[in-house]
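Undergrad: Got a file for you: query11.txt, compact mmCIF, C-alpha atoms.
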```txt
# COMPACT_ATOMS: atom_id res chain seq x y z
CA MET A 22 0.00 0.00 0.00
CA GLY A 23 1.58 3.29 -1.09
CA ALA A 24 0.64 6.74 0.21
CA ASN A 25 -0.63 9.10 -2.49
CA LEU A 26 1.63 12.15 -2.31
CA THR A 27 -0.03 14.08 -5.11
CA PRO A 28 -2.33 16.26 -2.91
CA THR A 29 0.58 17.01 -0.56
CA ILE A 30 2.75 18.16 -3.42
CA ASP A 31 -0.13 20.21 -4.82
CA VAL A 32 -0.55 22.01 -1.50
CA ILE A 33 3.20 22.60 -1.17
CA PHE A 34 3.38 24.06 -4.66
CA THR A 35 0.43 26.32 -3.91
CA LEU A 36 1.98 27.51 -0.65
CA THR A 37 5.33 28.12 -2.32
CA ILE A 38 3.77 30.19 -5.09
CA PHE A 39 1.72 32.16 -2.53
CA PHE A 40 4.76 33.04 -0.44
CA MET A 41 6.83 33.88 -3.51
CA LEU A 42 4.14 36.34 -4.60
CA VAL A 43 3.51 38.04 -1.27
CA THR A 44 7.08 38.24 -0.01
CA ARG A 45 8.65 41.68 -0.19
CA PHE A 46 12.27 41.79 0.82
CA ASN A 47 13.11 44.65 3.14
CA SER A 48 16.28 46.61 2.70
CA ALA A 49 18.85 46.23 5.46
CA GLU A 50 18.59 49.95 6.14
CA GLN A 51 15.02 49.51 7.33
CA VAL A 52 15.72 49.04 11.01
CA PRO A 53 12.66 47.57 12.77
CA MET A 54 10.62 50.25 14.51
CA GLU A 55 7.05 51.49 14.90
CA LEU A 56 6.44 53.87 12.04
CA PRO A 57 3.66 56.49 11.97
CA LYS A 58 0.35 55.14 10.70
CA PRO A 59 -1.78 58.11 9.64
CA ASP A 60 -5.38 57.47 8.65
CA ASP A 61 -5.87 57.37 4.90
CA SER A 62 -2.13 57.77 4.44
CA ARG A 63 -0.87 59.77 1.47
CA ALA A 64 2.59 58.24 1.74
CA ARG A 65 3.70 56.77 -1.56
CA VAL A 66 6.09 53.95 -2.31
CA VAL A 67 8.85 55.60 -4.31
CA SER A 68 12.40 54.62 -5.06
CA LEU A 69 14.83 57.44 -4.46
CA PRO A 70 18.21 57.03 -6.12
CA GLN A 71 21.21 58.34 -4.21
CA ARG A 72 19.45 58.34 -0.90
CA VAL A 73 20.61 57.97 2.65
CA VAL A 74 18.28 56.81 5.40
CA ILE A 75 18.56 58.23 8.92
CA ASN A 76 16.85 56.04 11.49
CA CYS A 77 15.56 57.58 14.72
CA ARG A 78 14.33 54.89 17.05
CA ALA A 79 13.27 54.81 20.65
CA GLU A 80 15.77 53.02 22.87
CA SER A 81 13.05 51.61 25.07
CA ALA A 82 9.93 49.81 23.92
CA VAL A 83 8.02 51.29 26.86
CA ASP A 84 5.66 54.06 25.86
CA ALA A 85 6.58 56.25 28.83
CA ALA A 86 8.30 59.57 28.18
CA PRO A 87 11.05 60.67 28.09
CA THR A 88 12.57 57.98 25.88
CA PRO A 89 16.20 58.16 24.75
CA VAL A 90 16.48 58.18 20.99
CA LEU A 91 19.12 56.34 18.95
CA TYR A 92 20.19 57.80 15.62
CA SER A 93 21.86 55.76 12.91
CA ILE A 94 22.58 55.96 9.21
CA GLY A 95 21.00 52.95 7.52
CA PRO A 96 21.88 49.66 9.19
CA ASN A 97 24.93 51.09 10.98
CA ARG A 98 25.17 51.14 14.74
CA PRO A 99 23.77 54.17 16.61
CA GLU A 100 25.95 57.28 16.64
CA PRO A 101 25.72 60.81 18.04
CA LEU A 102 24.10 63.37 15.77
CA ALA A 103 27.42 65.21 15.36
CA VAL A 104 28.99 62.08 13.84
CA ILE A 105 25.97 61.57 11.61
CA SER A 106 26.32 65.17 10.47
CA ASP A 107 29.97 64.55 9.49
CA ARG A 108 29.05 61.40 7.59
CA LEU A 109 26.26 63.26 5.83
CA ALA A 110 28.69 65.98 4.78
CA ALA A 111 31.02 63.38 3.28
CA LEU A 112 28.16 61.68 1.45
CA LYS A 113 26.90 65.02 0.16
CA GLN A 114 30.35 65.76 -1.26
CA GLN A 115 30.37 62.45 -3.12
CA ALA A 116 26.80 62.84 -4.41
CA PRO A 117 25.52 66.43 -4.59
CA GLY A 118 22.01 65.24 -5.49
CA LEU A 119 21.77 63.22 -2.29
CA LYS A 120 18.26 62.63 -0.92
CA VAL A 121 17.77 62.14 2.79
CA VAL A 122 14.98 59.98 4.17
CA VAL A 123 14.08 60.17 7.85
CA ARG A 124 12.62 57.02 9.44
CA ALA A 125 11.44 57.96 12.90
CA ASP A 126 9.62 55.95 15.52
CA ARG A 127 6.06 57.18 15.96
CA ARG A 128 6.44 57.34 19.78
CA ILE A 129 9.36 59.76 19.97
CA HIS A 130 8.87 63.47 20.53
CA TYR A 131 9.00 66.02 17.76
CA ARG A 132 12.11 67.68 19.21
CA HIS A 133 14.14 64.52 18.48
CA VAL A 134 13.17 64.62 14.82
CA ARG A 135 13.62 68.37 14.67
CA ALA A 136 17.23 67.91 15.75
CA VAL A 137 17.74 65.64 12.72
CA MET A 138 16.00 68.16 10.48
CA ARG A 139 18.44 70.84 11.58
CA VAL A 140 21.40 68.59 10.79
CA ILE A 141 20.03 67.81 7.33
CA ALA A 142 19.14 71.41 6.53
CA GLY A 143 22.63 72.45 7.65
CA HIS A 144 23.97 70.63 4.60
CA ASN A 145 21.76 72.63 2.21
CA ILE A 146 19.34 69.80 1.57
CA GLU A 147 15.96 71.44 1.10
CA MET A 148 13.53 68.58 0.87
CA LEU A 149 12.47 66.49 3.80
CA ASN A 150 11.40 62.92 3.09
CA VAL A 151 9.73 61.13 5.96
CA VAL A 152 8.68 57.50 6.11
CA ALA A 153 5.17 56.46 7.13
CA HIS A 154 3.06 53.42 6.49
CA VAL A 155 1.12 53.53 3.25
CA SER A 156 -2.64 53.05 3.15
CA GLU A 157 -4.04 49.59 2.52
CA GLU A 158 -5.31 50.66 -0.90
CA GLU A 159 -1.83 51.75 -1.93
CA GLU A 160 -0.41 48.35 -0.98
CA MET B 9 -20.18 2.47 -30.67
CA TRP B 10 -20.97 -0.51 -28.47
CA LYS B 11 -20.37 -3.88 -30.03
CA PRO B 12 -21.31 -7.26 -28.71
CA PRO B 13 -18.39 -9.23 -27.24
CA GLY B 14 -18.15 -11.45 -30.24
CA GLU B 15 -17.66 -8.60 -32.63
CA ARG B 16 -15.04 -6.91 -30.46
CA GLN B 17 -12.62 -9.72 -31.09
CA ASP B 18 -12.78 -9.16 -34.84
CA THR B 19 -9.79 -6.84 -34.79
CA PRO B 20 -7.43 -8.22 -32.20
CA ARG B 21 -4.28 -6.30 -31.38
CA ARG B 22 -1.38 -8.00 -29.76
CA ARG B 23 0.57 -6.43 -26.92
CA GLY B 24 3.35 -4.27 -28.38
CA GLU B 25 1.87 -3.81 -31.79
CA PRO B 26 1.94 -0.27 -33.24
CA GLY B 27 -0.91 1.85 -31.89
CA THR B 28 -1.29 -0.01 -28.61
CA ARG B 29 -0.64 1.56 -25.17
CA ALA B 30 2.29 -0.73 -24.54
CA ALA B 31 3.97 0.43 -27.75
CA SER B 32 3.58 4.12 -26.94
CA SER B 33 4.84 3.50 -23.41
CA ARG B 34 7.91 1.78 -24.77
CA ARG B 35 8.59 4.72 -27.09
CA ARG B 36 8.45 7.11 -24.15
CA ARG B 37 10.72 5.19 -21.84
CA ALA B 38 13.23 3.57 -24.15
CA GLY B 39 16.39 5.41 -25.19
CA PRO B 40 18.25 5.00 -28.47
CA ARG B 41 19.84 1.78 -27.36
CA GLY B 42 16.81 0.58 -25.50
CA THR B 43 17.93 1.94 -22.11
CA GLN B 44 15.17 2.92 -19.68
CA ILE B 45 14.70 6.68 -19.09
CA ALA B 46 12.68 7.78 -16.09
CA VAL B 47 11.93 11.34 -15.00
CA SER B 48 12.66 11.72 -11.28
CA PHE B 49 10.56 14.28 -9.48
CA ALA B 50 12.40 13.89 -6.20
CA PRO B 51 14.92 16.78 -6.69
CA MET B 52 12.15 19.13 -7.80
CA ILE B 53 10.09 18.30 -4.75
CA ASP B 54 13.19 18.74 -2.57
CA MET B 55 13.73 22.20 -4.05
CA THR B 56 10.09 23.08 -3.55
CA PHE B 57 10.29 22.03 0.09
CA LEU B 58 13.42 24.12 0.57
CA LEU B 59 11.77 27.16 -1.03
CA LEU B 60 8.65 26.69 1.06
CA ILE B 61 10.62 26.46 4.30
CA PHE B 62 12.68 29.53 3.33
CA PHE B 63 9.62 31.63 2.64
CA LEU B 64 7.83 30.35 5.75
CA VAL B 65 10.78 31.37 7.91
CA THR B 66 11.56 34.73 6.30
CA THR B 67 8.09 36.11 5.55
CA THR B 68 6.69 38.71 7.93
CA PHE B 69 3.40 40.33 7.11
CA GLU B 70 3.81 44.09 7.51
CA ARG B 71 2.33 47.14 5.87
CA ALA B 72 4.54 48.70 3.24
CA GLU B 73 6.48 51.89 3.87
CA GLY B 74 5.99 55.06 1.86
CA ILE B 75 7.43 58.55 1.78
CA LEU B 76 5.90 61.95 2.57
CA ALA B 77 7.88 64.84 1.10
CA SER B 78 7.99 68.36 2.51
CA GLN B 79 10.23 71.34 3.13
CA PHE B 80 12.47 72.11 6.03
CA PRO B 81 11.78 74.49 8.90
CA ARG B 82 12.17 78.03 7.68
CA ASP B 83 14.91 78.94 10.10
CA ALA B 84 16.83 75.70 9.57
CA GLY B 85 17.63 76.14 5.92
CA ALA B 86 16.73 78.12 2.86
CA PRO B 87 13.04 77.57 2.07
CA ALA B 88 12.33 76.31 -1.43
CA VAL B 89 9.37 78.67 -1.88
CA ALA B 90 8.86 82.27 -0.86
CA LEU B 91 6.06 82.22 1.69
CA PRO B 92 3.31 84.84 1.18
CA LEU B 93 2.02 87.00 4.00
CA SER B 94 -0.87 84.79 4.99
CA PRO B 95 -0.04 81.10 5.01
CA ILE B 96 -2.33 78.67 6.78
CA VAL B 97 -0.63 78.07 10.12
CA VAL B 98 -1.55 74.83 11.88
CA ARG B 99 -0.42 74.49 15.50
CA LEU B 100 -0.07 71.31 17.51
CA ARG B 101 0.15 71.99 21.25
CA GLN B 102 0.79 69.44 23.94
CA ASN B 103 -1.59 70.16 26.85
CA GLY B 104 -0.92 67.20 29.15
CA PRO B 105 1.43 64.33 29.93
CA GLU B 106 -0.45 61.66 28.04
CA HIS B 107 0.06 60.54 24.48
CA GLY B 108 -3.24 61.93 23.25
CA ASP B 109 -3.18 65.21 25.20
CA PHE B 110 -2.77 67.71 22.40
CA ASP B 111 -4.76 70.44 20.66
CA ILE B 112 -4.96 71.34 17.00
CA ALA B 113 -5.49 74.99 16.09
CA VAL B 114 -5.52 76.93 12.83
CA ASP B 115 -4.26 80.49 13.33
CA HIS B 116 -6.24 83.51 12.11
CA PHE B 117 -9.29 81.41 11.36
CA GLY B 118 -10.35 80.58 14.91
CA ASN B 119 -10.68 76.91 14.11
CA THR B 120 -9.84 74.21 16.60
CA PRO B 121 -10.44 70.89 14.88
CA ARG B 122 -11.02 67.96 17.20
CA ASP B 123 -9.06 65.49 15.07
CA PHE B 124 -7.06 65.34 11.87
CA ALA B 125 -10.02 64.34 9.71
CA GLU B 126 -11.71 67.57 10.78
CA LEU B 127 -8.48 69.47 10.11
CA THR B 128 -8.66 68.28 6.50
CA ASP B 129 -12.22 69.65 6.25
CA VAL B 130 -11.18 72.98 7.80
CA ILE B 131 -8.32 73.40 5.29
CA HIS B 132 -10.68 72.52 2.45
CA ARG B 133 -13.04 75.28 3.63
CA ILE B 134 -10.16 77.78 3.87
CA HIS B 135 -9.21 76.95 0.29
CA ASP B 136 -12.69 78.08 -0.74
CA GLU B 137 -12.11 81.53 0.82
CA PRO B 138 -11.01 84.39 -1.50
CA GLY B 139 -7.23 84.61 -1.77
CA PHE B 140 -6.62 81.01 -0.73
CA ASP B 141 -6.17 77.92 -2.82
CA ARG B 142 -4.24 74.67 -2.75
CA GLU B 143 -1.04 76.57 -3.55
CA THR B 144 -1.34 78.54 -0.30
CA PRO B 145 1.45 77.28 1.95
CA VAL B 146 0.53 75.34 5.06
CA VAL B 147 2.98 75.85 7.91
CA ILE B 148 2.97 73.29 10.70
CA VAL B 149 4.14 74.61 14.08
CA THR B 150 4.57 71.88 16.65
CA ASP B 151 5.45 71.84 20.35
CA ASP B 152 8.57 69.90 21.26
CA GLU B 153 6.69 67.33 23.30
CA VAL B 154 4.14 66.32 20.67
CA ARG B 155 4.60 62.77 19.47
CA TRP B 156 6.01 62.30 15.99
CA ASP B 157 2.97 60.20 15.12
CA HIS B 158 0.72 63.25 15.51
CA VAL B 159 3.05 65.46 13.48
CA VAL B 160 2.95 63.01 10.59
CA ALA B 161 -0.85 62.71 10.95
CA CYS B 162 -1.11 66.52 10.70
CA TRP B 163 1.13 66.52 7.65
CA ASN B 164 -0.97 63.76 6.11
CA ALA B 165 -4.17 65.71 6.83
CA ALA B 166 -2.77 68.68 4.87
CA LEU B 167 -1.90 66.37 1.98
CA ARG B 168 -5.44 64.97 2.07
CA ALA B 169 -6.68 68.54 1.70
CA ASP B 170 -4.65 68.72 -1.54
CA CYS B 171 -2.16 71.23 -0.16
CA ALA B 172 0.75 71.52 -2.52
CA ARG B 173 3.13 73.39 -0.20
CA ILE B 174 3.68 72.16 3.31
CA ALA B 175 6.48 73.45 5.51
CA PHE B 176 7.54 73.35 9.14
CA ALA B 177 8.34 76.25 11.42
CA GLU B 178 9.87 76.54 14.86
CA PRO B 179 7.42 76.75 17.77
```
Would you give me this structure, written as structure tokens?
TA:
Amino acid sequence: MGANLTPTIDVIFTLTIFFMLVTRFNSAEQVPMELPKPDDSRARVVSLPQRVVINCRAESAVDAAPTPVLYSIGPNRPEPLAVISDRLAALKQQAPGLKVVVRADRRIHYRHVRAVMRVIAGHNIEMLNVVAHVSEEEE
Amino acid sequence: MWKPPGERQDTPRRRGEPGTRAASSRRRRAGPRGTQIAVSFAPMIDMTFLLLIFFLVTTTFERAEGILASQFPRDAGAPAVALPLSPIVVRLRQNGPEHGDFDIAVDHFGNTPRDFAELTDVIHRIHDEPGFDRETPVVIVTDDEVRWDHVVACWNAALRADCARIAFAEP
């Protein structure tokens, strides 16, 4: 008596195709954090060439204030804002059309993000690109 | 067409004769020298299992990330647009220690929307006033202690009101 493996293989194929279709690989620079989720979000999925991502994440997962904030460029380890400013200056020299994207945790205070804005604006970068979750329709 | 058993035997075919199932099976399996060729599905199923396990382990279901674009605070860098005398100024003020303790106010118009959906409606109504349209800059002024989530929600509310120019200013 032999087991009929055909339905099993059918299901496995179906599952494999499903996961292949729905999987979206995150970039390493997308450090895990709680991003802002505005209602009916107007955030758009766009690919920015020559971009640098500055992550601002809360050190503690507890919602209580005040929460220390860790700043990092992409997947690098956290650094003081002064160091990030120096790195940004070097990157801006290499690529004058550099775009800066700020990924900030939704729980941190505005002053923490404003400090990053000042650093970015200090390098004559006019546009501010901020990451938020897109609406379900956009997905 | 059905034939009685006696008539069926009128055209007997022996096993292996051309046109029989055995002959076609032999054509499929026999190589040039008569060697047996069999298609093995085992490696393909192994690969499929490996792919399935990979995707099962690596997949996390999260909402996609998008980008909101705006201009920098006026005093932090050179603004990209020259602001006219009467922009729409939206203020976010923290009025308590809790996460949701904040007020929304629109300067010069006496509006205090209760939430960001209402803020969108208020900006829409201001756009209908003489001298205002979607090109009128919206300046967001936020207290230091307001959560970033609310700042982005305010920004998003202005975008929902079709505002083309959104900027930040120091509190």
Undergrad: Counting all atoms listed in the file, which residue out of B:Arg173, B:Arg155, B:His107, B:Arg101 sits closest to chain A?
TA: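 Selected residue with least distance to chain A: B:Arg155.
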Undergrad: Calculated over all atoms listed in the file, which of the candidates B:Ile148, B:Ala50, B:Ala72, B:Ala169 has the smallest distance to chain A?
TA: B:Ala72
Undergrad: Write out as JSON lines the residues of chain B that have any atom within 6 Å of an atom of chain A, one row each with the nearest atom pair and its distance in Å to one decimal, counting only C-alpha atoms, sorted by chain and then rising number.
TA:
```
{"residue": "B:Leu60", "atom": "CA", "partner": "A:Thr37", "partner_atom": "CA", "distance": 4.9}
{"residue": "B:Phe63", "atom": "CA", "partner": "A:Phe40", "partner_atom": "CA", "distance": 5.9}
{"residue": "B:Ala72", "atom": "CA", "partner": "A:Val155", "partner_atom": "CA", "distance": 5.9}
{"residue": "B:Glu73", "atom": "CA", "partner": "A:His154", "partner_atom": "CA", "distance": 4.6}
{"residue": "B:Gly74", "atom": "CA", "partner": "A:Val66", "partner_atom": "CA", "distance": 4.3}
{"residue": "B:Ile75", "atom": "CA", "partner": "A:Val152", "partner_atom": "CA", "distance": 4.6}
{"residue": "B:Leu76", "atom": "CA", "partner": "A:Ala64", "partner_atom": "CA", "distance": 5.0}
{"residue": "B:Ala77", "atom": "CA", "partner": "A:Asn150", "partner_atom": "CA", "distance": 4.5}
{"residue": "B:Ser78", "atom": "CA", "partner": "A:Leu149", "partner_atom": "CA", "distance": 5.0}
{"residue": "B:Gln79", "atom": "CA", "partner": "A:Met148", "partner_atom": "CA", "distance": 4.9}
{"residue": "B:Ala84", "atom": "CA", "partner": "A:Arg139", "partner_atom": "CA", "distance": 5.5}
{"residue": "B:Gly85", "atom": "CA", "partner": "A:Ala142", "partner_atom": "CA", "distance": 5.0}
{"residue": "B:Asp152", "atom": "CA", "partner": "A:Arg132", "partner_atom": "CA", "distance": 4.7}
{"residue": "B:Glu153", "atom": "CA", "partner": "A:His130", "partner_atom": "CA", "distance": 5.2}
{"residue": "B:Val154", "atom": "CA", "partner": "A:His130", "partner_atom": "CA", "distance": 5.5}
{"residue": "B:Arg155", "atom": "CA", "partner": "A:His130", "partner_atom": "CA", "distance": 4.5}
{"residue": "B:Trp156", "atom": "CA", "partner": "A:Tyr131", "partner_atom": "CA", "distance": 5.1}
{"residue": "B:Asp157", "atom": "CA", "partner": "A:Arg127", "partner_atom": "CA", "distance": 4.4}
{"residue": "B:Ala161", "atom": "CA", "partner": "A:Pro59", "partner_atom": "CA", "distance": 4.9}
```
Undergrad: Please provide as a ChimeraX atom specification all residues within 8 Å of stretch 112-117 of chain B, with the sequence filter that same-chain residues fewer than 2 positions apart are discarded (counting all atoms listed in the file).
TA: /B:96-101,110,119-123,127
Undergrad: So how many Å separate atom CA of A:Pro89 and atom CA of A:Pro101, to one decimal?
TA: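 Interatomic distance, atom CA of A:Pro89 to atom CA of A:Pro101: 11.9 Å.
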Undergrad: To test the calculation: enclose all listed atoms of stretch 142-160 of chain A in a box whose edges run along x, y and z, add 4 Å on each side, then state centre and edge lengths in Å to one decimal, as AutoDock Vina command-line options.
TA:
```
--center_x 9.3 --center_y 60.5 --center_z 2.9 --size_x 37.3 --size_y 32.3 --size_z 17.6
```
Undergrad: Kindly give the distance, in Å, that separates atom CA of B:Ala177 and atom CA of B:Val149, rounded to a single decimal.
TA: 5.2 Å
Undergrad: Quick check, in Å to one decimal: how far apart do atom CA of B:Asp111 and atom CA of B:Val146 lie?
TA: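 Separation between atom CA of B:Asp111 and atom CA of B:Val146: 17.2 Å.
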Undergrad: Nearest to A:Leu112: which of A:Val74, A:Glu100, A:Asn25, A:Ala79 is it, counting only C-alpha atoms?
TA: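 Comparing A:Val74, A:Glu100, A:Asn25, A:Ala79 against A:Leu112, the winner is A:Val74.
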Undergrad: Identify which of the residues B:Ile53, B:Ile131, B:Leu59, B:Ala165 lies closest to A:Asp31, counting only C-alpha atoms when measuring atom-to-atom distances.
TA: B:Ile53
